[in-house]
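Chemist: Just passing along the structure, written as structure tokens.
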Amino acid sequence: MSAPQKEQKNTPAIALTPDDVIPHGRCPVCDGDDLVAYTELTFHEIIIPYQRCRRCDLVFMNPVPNQEWYDRLYGQAFWETKSAKAAAEKTQARQKQLIKELQRTDKLCAALDAAGCSPAPGARLLEIGCAFGLIISSIAEHYQATPFGVEPSEMAAGFAKTLGDVEIIAPTIDQLSETAPGPGGEMDVILFSHVMENVVDLNRVFAAIDRWLAPNGVVLMETPNSTVQNSTHIYHPYCFSQDSLRQLFGGHGFEIVSLRASGRPSSALIPRYLTLVAKRRAAEKQPAANGPHSGLDRRFGHGWRQTVKRTPLKFVDRILTGILYAPDAAAKQRAGDLAKAHLAEATGSGEDNG
Ligand SMILES: [Zn+2]
């Protein structure tokens with residue numbers, strides 16, 4: 001699910017008709033009706049408006065393309081990028097992406113540890129949209145746990161199995177929400193790494209979590225922080241902030257154990273990502289009600305990012321980021337080896353499909 005994000009310019013034209021979209025009369029997270037125009041996205045002459053909910057601060061596509069339309073788009077983008085690049089370029093791009101994923105893995109483990117939610121040895125960890133399985137298999141290795149995944153791309157799922165020993169339990173979250181775990185099959189951690197913003201129907205996501213998360217299990221997620229940077233993108237029906245995430249999880253019976261904004265690993269000064277750990281709320285606790293949201297922190301956050309980008313602060317950021325978050329030699333080596341293995345696997349199997 002996360003793989004095609006950077007490929008917007010390569011994606012082919014695809015028609016979007018009124019039959020392909022779902023209009024929202026109310027906010028899909030808090031059910032509020034105080035919605036204001038936020039921005040517009042232009043994608044191959046298709047204009048997709050975003051609105052912002054003034055109650056919970058959610059930014060969302062309205063109307064939003066339906067899942068079938070996204071499935072078509074993902075299918076086209078996937079084959080396009082698969083065939084367009086030369087082998088060496090592909091391997092290099094893969095290595096870069098894999099290094100980033102390894103850095104993200106360290107950050108996610110740190111988030112679990114800091115929240116006091118480190119999985120015990122033997123725990124079952126599920127990643128939704130696990131792609132090639134690097135993040136979930138690395139986290140599982142770190143905690144001596146067992147990795148599971150949900151992944152729609154057959155090729156990526158194949159890699160996750162053979163290279164990461166990740167057991168794929170369903171191709172999509174919709175299919176996951178329609179099945180139930182067998183005895184002892186519930187998950188101790190369910191991970192969404194840059195995936196929650198990509199889904200169309202958030203209620204389906206929580207239906208799947210409800211079924212598959214063990215009673216004391218935790219949800220771990222990372223998503224772009226729209227308070228400092230617009231994360232509007234053809235693949236992002238939702239752009240979250242801390243407040244909209246609190247509302248989303250609170251509304252589905254969860255309490256947030258930790259929620260942090262940080263730029264790790266790509267910026268020391270701009271907190272571009274939100275990392276959240278949540279667990280089911282104890283029955284007696286009530287979620288705090290949100291008042292109307294002024295949007296001031298959003299204005300401040302975007303202003304801060306512009307300041308860093310347009311002044312010498314950008315050099316400070318670059319230096320600090322290099323010092324704080326540079327990948328180590330072992331990560332580079334591992335990513336390089338995996339990138340080559342991915343390519344070998346890809347050319348050995350499904351190339352005739354392109
Ligand atoms: Zn709302």
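Lettering and numbering for the structure tokens are positional, with chains as A, B, ... in the shown order, residues counted from 1 in each chain, and ligands counted from 1 in the shown order.
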Pull the alpha helix (DSSP H) assignments for range 252-312 of chain A out of DSSP run on the backbone, and list those residues as a list in words.

Modeler: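 The alpha helix (DSSP H) residues within range 252-312 of chain A come out as Leu296, Asp297, Arg298, Arg299, Phe300, Gly301, His302, Gly303, Trp304, Arg305, Gln306, Thr307, Val308, Lys309 and Arg310 of chain A.
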
Chemist: What do you get as a list in words if you pick all residues at most 9 Å from ligand 1, counting only C-alpha atoms and all ligand atoms?

Modeler: Arg26, Cys27, Pro28, Val29, Cys30, Asp31, Gly32, Asp33, Asp34, Leu35, Arg52, Cys53, Arg54, Arg55, Cys56, Asp57, Leu58, Val59, Ser244, Gln247 and Leu248 of chain A

Chemist: Filtering to N, CA and C atoms, could you give me those residues as an mmCIF file, in the first residue's frame?

Modeler:
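Saved as again-v7.cif:
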data_model
loop_
_atom_site.group_PDB
_atom_site.id
_atom_site.type_symbol
_atom_site.label_atom_id
_atom_site.label_comp_id
_atom_site.auth_asym_id
_atom_site.auth_seq_id
_atom_site.Cartn_x
_atom_site.Cartn_y
_atom_site.Cartn_z
ATOM 1 N N ARG A 26 -21.011 14.651 6.456
ATOM 2 C CA ARG A 26 -20.483 14.987 7.778
ATOM 3 C C ARG A 26 -19.058 14.465 7.877
ATOM 4 N N CYS A 27 -18.361 14.900 8.910
ATOM 5 C CA CYS A 27 -16.977 14.479 9.103
ATOM 6 C C CYS A 27 -16.922 12.970 9.349
ATOM 7 N N PRO A 28 -16.111 12.235 8.580
ATOM 8 C CA PRO A 28 -16.059 10.770 8.737
ATOM 9 C C PRO A 28 -15.404 10.318 10.038
ATOM 10 N N VAL A 29 -14.797 11.235 10.781
ATOM 11 C CA VAL A 29 -14.185 10.840 12.047
ATOM 12 C C VAL A 29 -15.066 11.227 13.243
ATOM 13 N N CYS A 30 -15.530 12.479 13.310
ATOM 14 C CA CYS A 30 -16.272 12.907 14.516
ATOM 15 C C CYS A 30 -17.751 13.128 14.243
ATOM 16 N N ASP A 31 -18.168 12.972 12.987
ATOM 17 C CA ASP A 31 -19.561 13.164 12.596
ATOM 18 C C ASP A 31 -20.015 14.626 12.713
ATOM 19 N N GLY A 32 -19.053 15.541 12.862
ATOM 20 C CA GLY A 32 -19.409 16.964 12.924
ATOM 21 C C GLY A 32 -19.830 17.478 11.553
ATOM 22 N N ASP A 33 -20.564 18.601 11.539
ATOM 23 C CA ASP A 33 -20.997 19.135 10.240
ATOM 24 C C ASP A 33 -20.421 20.522 9.958
ATOM 25 N N ASP A 34 -19.446 20.944 10.769
ATOM 26 C CA ASP A 34 -18.820 22.242 10.542
ATOM 27 C C ASP A 34 -17.590 22.037 9.641
ATOM 28 N N LEU A 35 -17.863 21.877 8.345
ATOM 29 C CA LEU A 35 -16.806 21.552 7.389
ATOM 30 C C LEU A 35 -16.482 22.775 6.538
ATOM 31 N N ARG A 52 -11.822 20.591 5.671
ATOM 32 C CA ARG A 52 -11.306 20.446 7.031
ATOM 33 C C ARG A 52 -12.485 20.515 7.995
ATOM 34 N N CYS A 53 -12.507 19.591 8.942
ATOM 35 C CA CYS A 53 -13.554 19.601 9.970
ATOM 36 C C CYS A 53 -13.117 20.539 11.083
ATOM 37 N N ARG A 54 -13.937 21.537 11.389
ATOM 38 C CA ARG A 54 -13.526 22.502 12.407
ATOM 39 C C ARG A 54 -13.724 21.983 13.824
ATOM 40 N N ARG A 55 -14.339 20.812 13.925
ATOM 41 C CA ARG A 55 -14.517 20.247 15.262
ATOM 42 C C ARG A 55 -13.315 19.389 15.664
ATOM 43 N N CYS A 56 -12.855 18.505 14.751
ATOM 44 C CA CYS A 56 -11.778 17.585 15.157
ATOM 45 C C CYS A 56 -10.479 17.821 14.380
ATOM 46 N N ASP A 57 -10.481 18.773 13.420
ATOM 47 C CA ASP A 57 -9.269 19.143 12.674
ATOM 48 C C ASP A 57 -8.889 18.130 11.597
ATOM 49 N N LEU A 58 -9.762 17.174 11.295
ATOM 50 C CA LEU A 58 -9.451 16.236 10.212
ATOM 51 C C LEU A 58 -9.493 16.954 8.861
ATOM 52 N N VAL A 59 -8.504 16.671 8.009
ATOM 53 C CA VAL A 59 -8.525 17.130 6.618
ATOM 54 C C VAL A 59 -8.809 15.898 5.765
ATOM 55 N N SER A 244 -7.168 15.097 15.413
ATOM 56 C CA SER A 244 -8.076 14.210 14.666
ATOM 57 C C SER A 244 -7.775 12.742 14.975
ATOM 58 N N GLN A 247 -9.448 11.947 18.253
ATOM 59 C CA GLN A 247 -10.877 11.786 18.013
ATOM 60 C C GLN A 247 -11.172 10.437 17.349
ATOM 61 N N LEU A 248 -10.351 10.072 16.363
ATOM 62 C CA LEU A 248 -10.546 8.819 15.633
ATOM 63 C C LEU A 248 -10.455 7.618 16.576
#

Chemist: Rounded to one decimal in Å, what is the spacing between CA of Arg260 in chain A and CA of Met196 in chain A?

Modeler: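 Between CA of Arg260 in chain A and CA of Met196 in chain A the gap is 16.1 Å.
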
Chemist: Choose the residue, out of A:Asp174, A:Asp106, A:Asp188, A:Glu127, that has the smallest atom-to-atom separation from Ala157 in chain A; count only C-alpha atoms.

Modeler: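 Ranking A:Asp174, A:Asp106, A:Asp188, A:Glu127 by distance to Ala157 in chain A, first place goes to A:Glu127.
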
Chemist: Which polymer residues have any atom within 12 Å of an atom of Lys161 in chain A, counting only C-alpha atoms, with same-chain residues fewer than 4 positions away left out, as a list in words?

Modeler: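 Contacts, with the query itself left out: Cys130, Ala131, Phe132, Gly133, Leu134, Ile136, Ser137, Pro147, Phe148, Gly149, Val150, Glu151, Glu154, Met155, Ala156, Ala157, Asp165, Val166, Glu167, Ile168, Ile169, His342 and Glu345 of chain A.
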
Chemist: How would the residues just chosen look if you wrote them out with N, CA and C atoms as an mmCIF file, in the first residue's frame?

Modeler:
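Generated output (out.cif):
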data_model
loop_
_atom_site.group_PDB
_atom_site.id
_atom_site.type_symbol
_atom_site.label_atom_id
_atom_site.label_comp_id
_atom_site.auth_asym_id
_atom_site.auth_seq_id
_atom_site.Cartn_x
_atom_site.Cartn_y
_atom_site.Cartn_z
ATOM 1 N N CYS A 130 1.939 -4.423 4.486
ATOM 2 C CA CYS A 130 3.327 -4.688 4.896
ATOM 3 C C CYS A 130 4.303 -4.607 3.729
ATOM 4 N N ALA A 131 3.817 -4.416 2.508
ATOM 5 C CA ALA A 131 4.676 -4.362 1.314
ATOM 6 C C ALA A 131 5.635 -5.546 1.306
ATOM 7 N N PHE A 132 6.932 -5.281 1.279
ATOM 8 C CA PHE A 132 7.912 -6.357 1.181
ATOM 9 C C PHE A 132 8.239 -6.985 2.544
ATOM 10 N N GLY A 133 7.591 -6.492 3.585
ATOM 11 C CA GLY A 133 7.696 -7.141 4.891
ATOM 12 C C GLY A 133 8.915 -6.765 5.704
ATOM 13 N N LEU A 134 9.681 -5.764 5.231
ATOM 14 C CA LEU A 134 10.922 -5.442 5.923
ATOM 15 C C LEU A 134 10.675 -4.903 7.328
ATOM 16 N N ILE A 136 7.980 -5.107 9.403
ATOM 17 C CA ILE A 136 7.394 -6.016 10.391
ATOM 18 C C ILE A 136 8.340 -7.170 10.723
ATOM 19 N N SER A 137 9.108 -7.648 9.730
ATOM 20 C CA SER A 137 10.020 -8.749 10.051
ATOM 21 C C SER A 137 11.179 -8.245 10.913
ATOM 22 N N PRO A 147 6.103 -12.417 12.771
ATOM 23 C CA PRO A 147 5.499 -11.398 11.896
ATOM 24 C C PRO A 147 4.381 -11.925 11.008
ATOM 25 N N PHE A 148 3.318 -11.128 10.893
ATOM 26 C CA PHE A 148 2.209 -11.414 9.977
ATOM 27 C C PHE A 148 1.943 -10.171 9.150
ATOM 28 N N GLY A 149 1.315 -10.350 7.984
ATOM 29 C CA GLY A 149 1.059 -9.183 7.156
ATOM 30 C C GLY A 149 -0.234 -9.260 6.378
ATOM 31 N N VAL A 150 -0.717 -8.081 5.974
ATOM 32 C CA VAL A 150 -1.804 -7.948 5.013
ATOM 33 C C VAL A 150 -1.230 -7.152 3.860
ATOM 34 N N GLU A 151 -1.343 -7.672 2.643
ATOM 35 C CA GLU A 151 -0.698 -7.001 1.507
ATOM 36 C C GLU A 151 -1.407 -7.373 0.209
ATOM 37 N N GLU A 154 0.564 -9.170 -4.993
ATOM 38 C CA GLU A 154 1.023 -10.562 -4.893
ATOM 39 C C GLU A 154 2.534 -10.646 -4.903
ATOM 40 N N MET A 155 3.150 -9.758 -5.705
ATOM 41 C CA MET A 155 4.593 -9.793 -5.789
ATOM 42 C C MET A 155 5.231 -9.397 -4.449
ATOM 43 N N ALA A 156 4.729 -8.311 -3.860
ATOM 44 C CA ALA A 156 5.267 -7.871 -2.572
ATOM 45 C C ALA A 156 5.024 -8.933 -1.505
ATOM 46 N N ALA A 157 3.825 -9.519 -1.522
ATOM 47 C CA ALA A 157 3.501 -10.550 -0.539
ATOM 48 C C ALA A 157 4.444 -11.747 -0.676
ATOM 49 N N ASP A 165 9.993 -14.044 5.950
ATOM 50 C CA ASP A 165 9.281 -15.061 6.720
ATOM 51 C C ASP A 165 7.988 -14.499 7.324
ATOM 52 N N VAL A 166 7.359 -13.592 6.582
ATOM 53 C CA VAL A 166 6.116 -12.972 7.050
ATOM 54 C C VAL A 166 4.942 -13.788 6.518
ATOM 55 N N GLU A 167 4.052 -14.212 7.401
ATOM 56 C CA GLU A 167 2.873 -14.946 6.939
ATOM 57 C C GLU A 167 1.777 -13.959 6.545
ATOM 58 N N ILE A 168 1.370 -13.998 5.272
ATOM 59 C CA ILE A 168 0.331 -13.081 4.786
ATOM 60 C C ILE A 168 -1.031 -13.701 5.093
ATOM 61 N N ILE A 169 -1.838 -13.001 5.905
ATOM 62 C CA ILE A 169 -3.106 -13.608 6.333
ATOM 63 C C ILE A 169 -4.307 -13.108 5.527
ATOM 64 N N HIS A 342 15.658 -8.601 -3.867
ATOM 65 C CA HIS A 342 14.344 -8.258 -4.416
ATOM 66 C C HIS A 342 14.372 -8.302 -5.939
ATOM 67 N N GLU A 345 14.702 -11.821 -7.282
ATOM 68 C CA GLU A 345 13.416 -12.513 -7.140
ATOM 69 C C GLU A 345 12.426 -12.028 -8.206
#

Chemist: Within 7 Å of Tyr38 in chain A, counting only C-alpha atoms, which residues show up once you throw out same-chain ones fewer than 2 positions away? Write them as a list in words, please.

Modeler: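 Selected residues are Val36, Tyr50, Gln51 and Arg52 of chain A.
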
Chemist: CA of Arg246 in chain A and CA of Ser231 in chain A are how many Å apart?

Modeler: 18.2 Å

Chemist: Select from range 16-213 of chain A everything DSSP, run on the backbone, classes as strand (DSSP E), then give the selection as an NGL selection string.

Modeler: :A and (21-22 or 35-43 or 46-53 or 59-61 or 64-65 or 124-128 or 146-150 or 167-170 or 187-193 or 213)

Chemist: Can you write out the residues you just picked, keeping N, CA and C atoms, as a CSV table (one decimal), in the first residue's frame?

Modeler:
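Result went into part30.csv, see below:
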chain,number,residue,atom,x,y,z
A,21,VAL,N,-17.1,8.1,-6.9
A,21,VAL,CA,-16.9,8.9,-5.7
A,21,VAL,C,-18.0,8.8,-4.6
A,22,ILE,N,-17.6,9.0,-3.4
A,22,ILE,CA,-18.5,8.9,-2.3
A,22,ILE,C,-18.5,10.3,-1.6
A,35,LEU,N,-17.9,21.9,8.3
A,35,LEU,CA,-16.8,21.6,7.4
A,35,LEU,C,-16.5,22.8,6.5
A,36,VAL,N,-15.2,23.0,6.3
A,36,VAL,CA,-14.8,24.2,5.5
A,36,VAL,C,-13.9,23.7,4.4
A,37,ALA,N,-13.9,24.4,3.2
A,37,ALA,CA,-13.0,24.1,2.1
A,37,ALA,C,-11.6,24.3,2.6
A,38,TYR,N,-10.7,23.4,2.2
A,38,TYR,CA,-9.3,23.4,2.7
A,38,TYR,C,-8.3,23.6,1.6
A,39,THR,N,-8.3,22.7,0.6
A,39,THR,CA,-7.4,22.9,-0.5
A,39,THR,C,-7.9,22.0,-1.6
A,40,GLU,N,-7.3,22.0,-2.8
A,40,GLU,CA,-7.7,21.1,-3.9
A,40,GLU,C,-6.5,20.4,-4.4
A,41,LEU,N,-6.7,19.2,-4.9
A,41,LEU,CA,-5.6,18.4,-5.5
A,41,LEU,C,-5.9,18.3,-6.9
A,42,THR,N,-5.0,18.5,-7.8
A,42,THR,CA,-5.2,18.2,-9.2
A,42,THR,C,-4.3,17.0,-9.6
A,43,PHE,N,-5.0,16.1,-10.2
A,43,PHE,CA,-4.3,14.8,-10.6
A,43,PHE,C,-4.8,14.4,-12.0
A,46,ILE,N,-8.0,15.8,-13.0
A,46,ILE,CA,-9.1,15.5,-12.1
A,46,ILE,C,-8.9,16.4,-10.8
A,47,ILE,N,-9.9,17.1,-10.4
A,47,ILE,CA,-9.8,18.0,-9.3
A,47,ILE,C,-10.5,17.3,-8.1
A,48,ILE,N,-9.7,17.1,-7.0
A,48,ILE,CA,-10.3,16.5,-5.8
A,48,ILE,C,-10.2,17.5,-4.7
A,49,PRO,N,-11.3,18.0,-4.2
A,49,PRO,CA,-11.3,18.9,-3.1
A,49,PRO,C,-11.1,18.3,-1.7
A,50,TYR,N,-10.4,18.9,-0.9
A,50,TYR,CA,-10.2,18.5,0.5
A,50,TYR,C,-11.0,19.5,1.4
A,51,GLN,N,-11.6,19.0,2.4
A,51,GLN,CA,-12.3,19.8,3.4
A,51,GLN,C,-11.6,19.6,4.8
A,52,ARG,N,-11.8,20.6,5.7
A,52,ARG,CA,-11.3,20.4,7.0
A,52,ARG,C,-12.5,20.5,8.0
A,53,CYS,N,-12.5,19.6,8.9
A,53,CYS,CA,-13.6,19.6,10.0
A,53,CYS,C,-13.1,20.5,11.1
A,59,VAL,N,-8.5,16.7,8.0
A,59,VAL,CA,-8.5,17.1,6.6
A,59,VAL,C,-8.8,15.9,5.8
A,60,PHE,N,-9.8,16.0,4.9
A,60,PHE,CA,-10.2,14.8,4.1
A,60,PHE,C,-10.7,15.1,2.8
A,61,MET,N,-10.5,14.2,1.8
A,61,MET,CA,-11.1,14.3,0.5
A,61,MET,C,-12.6,14.3,0.6
A,64,VAL,N,-14.8,11.5,-1.9
A,64,VAL,CA,-13.6,10.7,-1.9
A,64,VAL,C,-13.8,9.6,-3.0
A,65,PRO,N,-12.8,9.3,-3.8
A,65,PRO,CA,-12.9,8.1,-4.7
A,65,PRO,C,-13.2,6.8,-3.9
A,124,ARG,N,2.6,-12.0,18.6
A,124,ARG,CA,2.2,-12.0,17.2
A,124,ARG,C,2.0,-10.6,16.7
A,125,LEU,N,2.7,-10.2,15.7
A,125,LEU,CA,2.7,-8.8,15.2
A,125,LEU,C,2.2,-8.8,13.8
A,126,LEU,N,1.2,-7.9,13.5
A,126,LEU,CA,0.6,-7.8,12.2
A,126,LEU,C,0.8,-6.5,11.6
A,127,GLU,N,1.3,-6.4,10.4
A,127,GLU,CA,1.4,-5.1,9.7
A,127,GLU,C,0.4,-5.1,8.6
A,128,ILE,N,-0.5,-4.0,8.6
A,128,ILE,CA,-1.4,-3.8,7.5
A,128,ILE,C,-0.7,-3.0,6.4
A,146,THR,N,6.6,-13.0,16.2
A,146,THR,CA,6.3,-13.6,14.9
A,146,THR,C,5.6,-12.6,14.0
A,147,PRO,N,6.1,-12.4,12.8
A,147,PRO,CA,5.5,-11.4,11.9
A,147,PRO,C,4.4,-11.9,11.0
A,148,PHE,N,3.3,-11.1,10.9
A,148,PHE,CA,2.2,-11.4,10.0
A,148,PHE,C,1.9,-10.2,9.2
A,149,GLY,N,1.3,-10.3,8.0
A,149,GLY,CA,1.1,-9.2,7.2
A,149,GLY,C,-0.2,-9.3,6.4
A,150,VAL,N,-0.7,-8.1,6.0
A,150,VAL,CA,-1.8,-7.9,5.0
A,150,VAL,C,-1.2,-7.2,3.9
A,167,GLU,N,4.1,-14.2,7.4
A,167,GLU,CA,2.9,-14.9,6.9
A,167,GLU,C,1.8,-14.0,6.5
A,168,ILE,N,1.4,-14.0,5.3
A,168,ILE,CA,0.3,-13.1,4.8
A,168,ILE,C,-1.0,-13.7,5.1
A,169,ILE,N,-1.8,-13.0,5.9
A,169,ILE,CA,-3.1,-13.6,6.3
A,169,ILE,C,-4.3,-13.1,5.5
A,170,ALA,N,-4.2,-12.0,4.8
A,170,ALA,CA,-5.2,-11.5,3.9
A,170,ALA,C,-4.6,-10.6,2.9
A,187,MET,N,-3.8,-10.9,17.5
A,187,MET,CA,-2.5,-10.2,17.3
A,187,MET,C,-2.2,-9.3,18.5
A,188,ASP,N,-1.0,-9.3,19.0
A,188,ASP,CA,-0.6,-8.5,20.1
A,188,ASP,C,-0.2,-7.0,19.7
A,189,VAL,N,0.2,-6.9,18.4
A,189,VAL,CA,0.4,-5.5,17.9
A,189,VAL,C,-0.1,-5.5,16.5
A,190,ILE,N,-0.9,-4.5,16.2
A,190,ILE,CA,-1.3,-4.2,14.8
A,190,ILE,C,-0.6,-2.9,14.4
A,191,LEU,N,0.1,-3.0,13.3
A,191,LEU,CA,0.9,-1.8,12.9
A,191,LEU,C,0.4,-1.2,11.5
A,192,PHE,N,0.3,0.1,11.5
A,192,PHE,CA,0.0,0.8,10.3
A,192,PHE,C,1.1,1.8,10.0
A,193,SER,N,2.0,1.5,9.2
A,193,SER,CA,3.1,2.5,8.9
A,193,SER,C,2.8,3.2,7.6
A,213,LEU,N,-7.4,-7.8,17.1
A,213,LEU,CA,-6.5,-7.3,18.2
A,213,LEU,C,-6.8,-8.1,19.5

Chemist: So which one's closest to Asn225 in chain A, A:Phe240, A:Tyr143, A:Phe300, A:Tyr70? Using only C-alpha atoms, please.

Modeler: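 Distance minimum relative to Asn225 in chain A lands on A:Phe240.
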
Chemist: Pick out the residues sitting within 9 Å of Pro327 in chain A, and hand them over as a ChimeraX atom specification; count only C-alpha atoms, and ignore anything fewer than 6 positions along from it in its own chain.

Modeler: /A:99-100,102-103,265

Chemist: Would you pick out the contacts of Asp337 in chain A at 12 Å or less, using only C-alpha atoms, so that residues sharing its chain but fewer than 2 positions from it are not included, and give the list as a PDB file with N, CA and C atoms, in the first residue's frame?

Modeler:
ATOM      1  N   THR A  91      17.397  -0.993  -8.335  1.00  0.00           N
ATOM      2  CA  THR A  91      18.071  -1.498  -7.143  1.00  0.00           C
ATOM      3  C   THR A  91      18.472  -0.352  -6.227  1.00  0.00           C
ATOM      4  N   GLN A  92      18.973   0.744  -6.838  1.00  0.00           N
ATOM      5  CA  GLN A  92      19.396   1.884  -6.036  1.00  0.00           C
ATOM      6  C   GLN A  92      18.210   2.534  -5.318  1.00  0.00           C
ATOM      7  N   ARG A  94      15.418   1.092  -4.600  1.00  0.00           N
ATOM      8  CA  ARG A  94      14.953   0.151  -3.579  1.00  0.00           C
ATOM      9  C   ARG A  94      15.802   0.269  -2.321  1.00  0.00           C
ATOM     10  N   GLN A  95      17.131   0.366  -2.530  1.00  0.00           N
ATOM     11  CA  GLN A  95      18.027   0.425  -1.378  1.00  0.00           C
ATOM     12  C   GLN A  95      17.715   1.653  -0.527  1.00  0.00           C
ATOM     13  N   LYS A  96      17.510   2.790  -1.192  1.00  0.00           N
ATOM     14  CA  LYS A  96      17.186   4.026  -0.484  1.00  0.00           C
ATOM     15  C   LYS A  96      15.917   3.857   0.338  1.00  0.00           C
ATOM     16  N   LEU A  98      14.590   1.068   1.333  1.00  0.00           N
ATOM     17  CA  LEU A  98      14.777   0.071   2.390  1.00  0.00           C
ATOM     18  C   LEU A  98      15.529   0.658   3.584  1.00  0.00           C
ATOM     19  N   ILE A  99      16.508   1.535   3.315  1.00  0.00           N
ATOM     20  CA  ILE A  99      17.211   2.191   4.419  1.00  0.00           C
ATOM     21  C   ILE A  99      16.221   2.998   5.245  1.00  0.00           C
ATOM     22  N   LEU A 163      11.524 -13.682   1.795  1.00  0.00           N
ATOM     23  CA  LEU A 163      12.690 -12.976   2.328  1.00  0.00           C
ATOM     24  C   LEU A 163      12.534 -12.565   3.792  1.00  0.00           C
ATOM     25  N   ALA A 330      25.656  -0.901   8.914  1.00  0.00           N
ATOM     26  CA  ALA A 330      24.955  -2.190   8.904  1.00  0.00           C
ATOM     27  C   ALA A 330      23.606  -2.062   8.190  1.00  0.00           C
ATOM     28  N   ALA A 331      22.910  -0.957   8.439  1.00  0.00           N
ATOM     29  CA  ALA A 331      21.608  -0.740   7.798  1.00  0.00           C
ATOM     30  C   ALA A 331      21.786  -0.596   6.293  1.00  0.00           C
ATOM     31  N   LYS A 332      22.841   0.152   5.889  1.00  0.00           N
ATOM     32  CA  LYS A 332      23.094   0.344   4.458  1.00  0.00           C
ATOM     33  C   LYS A 332      23.392  -0.989   3.784  1.00  0.00           C
ATOM     34  N   GLN A 333      24.217  -1.778   4.462  1.00  0.00           N
ATOM     35  CA  GLN A 333      24.594  -3.088   3.928  1.00  0.00           C
ATOM     36  C   GLN A 333      23.361  -3.982   3.777  1.00  0.00           C
ATOM     37  N   ARG A 334      22.570  -4.024   4.833  1.00  0.00           N
ATOM     38  CA  ARG A 334      21.387  -4.900   4.816  1.00  0.00           C
ATOM     39  C   ARG A 334      20.412  -4.467   3.722  1.00  0.00           C
ATOM     40  N   ALA A 335      20.220  -3.150   3.602  1.00  0.00           N
ATOM     41  CA  ALA A 335      19.308  -2.636   2.586  1.00  0.00           C
ATOM     42  C   ALA A 335      19.831  -2.958   1.181  1.00  0.00           C
ATOM     43  N   ALA A 339      17.892  -5.234  -1.488  1.00  0.00           N
ATOM     44  CA  ALA A 339      17.488  -4.648  -2.769  1.00  0.00           C
ATOM     45  C   ALA A 339      17.894  -5.573  -3.916  1.00  0.00           C
ATOM     46  N   LYS A 340      19.116  -6.123  -3.819  1.00  0.00           N
ATOM     47  CA  LYS A 340      19.575  -7.055  -4.857  1.00  0.00           C
ATOM     48  C   LYS A 340      18.724  -8.321  -4.855  1.00  0.00           C
ATOM     49  N   ALA A 341      18.430  -8.819  -3.659  1.00  0.00           N
ATOM     50  CA  ALA A 341      17.606 -10.025  -3.540  1.00  0.00           C
ATOM     51  C   ALA A 341      16.215  -9.788  -4.130  1.00  0.00           C
ATOM     52  N   HIS A 342      15.658  -8.601  -3.867  1.00  0.00           N
ATOM     53  CA  HIS A 342      14.344  -8.258  -4.416  1.00  0.00           C
ATOM     54  C   HIS A 342      14.372  -8.302  -5.939  1.00  0.00           C
ATOM     55  N   LEU A 343      15.437  -7.712  -6.487  1.00  0.00           N
ATOM     56  CA  LEU A 343      15.534  -7.642  -7.944  1.00  0.00           C
ATOM     57  C   LEU A 343      15.680  -9.041  -8.537  1.00  0.00           C
ATOM     58  N   ALA A 344      16.532  -9.853  -7.909  1.00  0.00           N
ATOM     59  CA  ALA A 344      16.751 -11.216  -8.396  1.00  0.00           C
ATOM     60  C   ALA A 344      15.434 -11.992  -8.378  1.00  0.00           C
TER      61      ALA A 344
END

Chemist: Please, which residues in range 190-277 of chain A fall within 8 Å of range 315-318 of chain A when counting only C-alpha atoms, and what is the closest atom pair and distance in Å to one decimal for each, ordered by chain then residue number, as a Markdown table?

Modeler:
| residue | atom | partner | partner_atom | distance |
| --- | --- | --- | --- | --- |
| A:Ser267 | CA | A:Asp317 | CA | 6.4 |
| A:Ala268 | CA | A:Asp317 | CA | 5.7 |
| A:Leu269 | CA | A:Asp317 | CA | 5.8 |

Chemist: Just the selected residues (C-alpha atoms), exported as a PDB file, in the first residue's frame, please.

Modeler:
ATOM      1  CA  SER A 267      14.177  16.185   9.605  1.00  0.00           C
ATOM      2  CA  ALA A 268      15.500  17.249  12.994  1.00  0.00           C
ATOM      3  CA  LEU A 269      13.557  20.525  13.037  1.00  0.00           C
TER       4      LEU A 269
END

Chemist: So, with only C-alpha atoms as the atoms that count, which of A:Arg104, A:Thr227, A:Arg310, A:Arg72 lies closest to Leu296 in chain A?

Modeler: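 Distance minimum relative to Leu296 in chain A lands on A:Thr227.
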
Chemist: Write out as an MDAnalysis selection string the residues lying within 10 Å of Ala207 in chain A, counting only C-alpha atoms and excluding same-chain residues fewer than 6 positions away.

Modeler: chainID A and resid 173:174 176:178 252

Chemist: Let me make sure I understand: among A:Ser153, A:Gln97, A:Thr172, A:Gln229, which one has the smallest atom-to-atom distance to Trp304 in chain A if we use only C-alpha atoms?

Modeler: A:Gln229
